[in-house]
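Input: a single structure, listed below in structure tokens.
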Amino acid sequence: MARFHNRKKKVFVKPIVKKQQQQQPNVDHITGNKIPKSFVFSRGKLPGPLRQLQMDLRKLMLPYTALKLKEKKRNNLKDFLNVAGPMGVTHFLILSKTETLPVLRVAKTPQGPTLTFKIHEYSLAVDIAQSQLRPRCPQDLFKNPPLIVLSGFAAANEQLRLTTTMFKNIFPDIDINTVKLSSCQRIVLLNYNKDTKLIDFRHYSIRLQPVGVSRRIRKFVQNHQVPDLRNLQDVSDFVTKAGYGSESEADEEAATVTLTSDLSRVNRASTKSAVKLQEIGPRMTLQLTKIEGGLCSGEVMFSEYGNGGNEKKPGNEEGNEKEDSENDGQMEDSDEDDEADNKEDMEESEED
């Protein structure tokens, strides 16, 4: 009778090959300033719309952010801080959820300060695109960081000056003498309303249109497509016939600029072009509620509910402040046993 041998099968382990990714510079080679980088992550469990808002904020902060940063439940604030140093991360944008409103924290690493905002209203990028007749979001739109414009922050109080400094430093500086116009494709607008004490957060794409050129001609030059002339008697009708296609939009004199260099086939140097802004989202309405001297901790430099947050707050505001303090306590907790594993996990996700 044949004998069966119990041989152990060799297990084939496929090696993990990491993609070689070009490291982003930490210092601007033109201005010599340090390039700010960011992590956008959440603390606690977020509902679906807030998770999408987190992804929208990551796209907004491109290219100097971790778009595919993976988080785990055991990750705490100390884990993110340990990874931020070697990667040159300078700012944290932290989303969390309370019983009443979502909260956005903007923190400077590694020692603060931290600005806490309540998100009263928000709209996702997909919602804004669905509300537009012709949404515009090309693939190369996020290759360069956005410009930042602050309106209404010229106030004498310390909290507004600190808010202005924080948002100015969260995006790279530009040199108006050396900046390329082709790299200015997005703009972030923050408008402060002194009556309501709310901040309107908007994100737009910038595009230029030549003045005095109809949309039909502009599309023909850009796309290189043969137009449909079957219903026309002559090719001149394609240009001059009234009612055929949409004529050039009304160009306001205040919104026109004279280009100093060629940007495209239709936007040439020494010609006038109209500046068009189209919202791409996300959109938020923020309220500054607290400023802490440290990284999500430390001395309370400002509180919307009173001096240092010591005054009694009526109704839901007291509960919201209690929830904020509980979230701060959760972010300060550390798990030293898993610290090395967490650091490795986040480094791998950053490389992916």
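Residues in the structure tokens are numbered from 1 in each chain, the chains being A, B, ... in the order shown, and ligands are numbered from 1 in the order shown.
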
DSSP-assigned strand (DSSP E or B) members of segment 4-206 of chain A, reported as an MDAnalysis selection string = chainID A and resid 27 34 38:42 65 91:97 102:108 114:123 147:151 186:193 198:206

Shell of 10 Å around segment 41-56 of chain A, only C-alpha atoms, local chain residues under 2 positions omitted, as an mmCIF file with C-alpha atoms, in the first residue's frame:
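And here is the file that came out, selection-v8.cif:
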```cif
data_model
loop_
_atom_site.group_PDB
_atom_site.id
_atom_site.type_symbol
_atom_site.label_atom_id
_atom_site.label_comp_id
_atom_site.auth_asym_id
_atom_site.auth_seq_id
_atom_site.Cartn_x
_atom_site.Cartn_y
_atom_site.Cartn_z
ATOM 1 C CA SER A 38 -0.823 70.055 6.721
ATOM 2 C CA PHE A 39 -2.597 66.984 8.035
ATOM 3 C CA ARG A 58 -7.754 67.593 1.979
ATOM 4 C CA LYS A 59 -8.214 68.384 -1.712
ATOM 5 C CA LEU A 60 -8.378 72.085 -0.897
ATOM 6 C CA MET A 61 -5.016 71.893 0.911
ATOM 7 C CA ALA A 66 -1.587 63.942 2.838
ATOM 8 C CA LEU A 67 -4.546 63.181 0.575
ATOM 9 C CA LYS A 68 -4.650 59.455 1.466
ATOM 10 C CA LEU A 69 -3.822 59.709 5.145
ATOM 11 C CA LYS A 70 -5.256 56.630 6.890
ATOM 12 C CA GLU A 71 -6.498 56.900 10.441
ATOM 13 C CA LYS A 73 -9.167 54.307 16.196
ATOM 14 C CA ASN A 75 -4.328 56.833 16.767
ATOM 15 C CA ASN A 76 -4.154 59.816 19.083
ATOM 16 C CA LEU A 77 -2.873 63.343 18.753
ATOM 17 C CA PHE A 80 0.154 62.477 14.446
ATOM 18 C CA PHE A 92 -3.280 70.304 11.745
ATOM 19 C CA LEU A 93 -6.902 70.648 10.611
ATOM 20 C CA ILE A 94 -8.984 68.515 12.961
ATOM 21 C CA LEU A 95 -12.681 67.774 12.490
ATOM 22 C CA SER A 96 -14.904 66.522 15.297
ATOM 23 C CA LYS A 97 -18.624 66.243 16.033
ATOM 24 C CA THR A 98 -20.557 67.399 19.086
ATOM 25 C CA PRO A 102 -19.393 70.135 14.028
ATOM 26 C CA VAL A 103 -16.097 71.616 15.186
ATOM 27 C CA LEU A 104 -12.995 72.511 13.169
ATOM 28 C CA ARG A 105 -9.668 73.013 14.950
ATOM 29 C CA TYR A 122 -21.415 73.742 5.256
ATOM 30 C CA SER A 123 -21.828 72.530 1.684
ATOM 31 C CA LEU A 124 -19.808 69.776 0.066
ATOM 32 C CA ALA A 125 -17.996 70.156 -3.236
ATOM 33 C CA VAL A 126 -20.350 67.672 -4.884
ATOM 34 C CA ILE A 280 -15.755 74.567 -6.430
ATOM 35 C CA GLY A 281 -16.297 74.039 -2.709
ATOM 36 C CA PRO A 282 -16.349 73.218 0.054
ATOM 37 C CA ARG A 283 -18.302 76.088 1.575
ATOM 38 C CA MET A 284 -18.460 76.737 5.324
ATOM 39 C CA ASN A 327 -12.850 66.161 22.926
ATOM 40 C CA ASP A 328 -9.693 67.959 24.017
ATOM 41 C CA GLN A 330 -9.573 62.542 24.215
ATOM 42 C CA MET A 331 -7.009 64.091 21.865
#
```

From the list A:Val149, A:Val89, A:Ile291, A:Leu81, which residue is nearest Leu189 of chain A when using only C-alpha atoms?
->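 The closest residue to Leu189 of chain A is A:Val149.
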
Counting only C-alpha atoms, what are the residues of segment 270-304 of chain A within 9 Å of segment 110-117 of chain A, and for each of them which pair of atoms is the nearest and at what distance in Å, to one decimal? Sort the table by chain and rising number, as CSV.
```
residue,atom,partner,partner_atom,distance
A:Leu286,CA,A:Phe117,CA,5.8
A:Gln287,CA,A:Phe117,CA,5.1
A:Leu288,CA,A:Phe117,CA,4.5
A:Thr289,CA,A:Phe117,CA,5.7
A:Lys290,CA,A:Thr116,CA,5.1
A:Ile291,CA,A:Leu115,CA,4.7
A:Glu292,CA,A:Thr114,CA,5.1
A:Gly293,CA,A:Pro113,CA,4.5
A:Gly294,CA,A:Gly112,CA,4.2
A:Leu295,CA,A:Gly112,CA,4.2
A:Cys296,CA,A:Thr114,CA,5.7
A:Ser297,CA,A:Thr114,CA,7.8
A:Gly298,CA,A:Pro113,CA,8.7
```
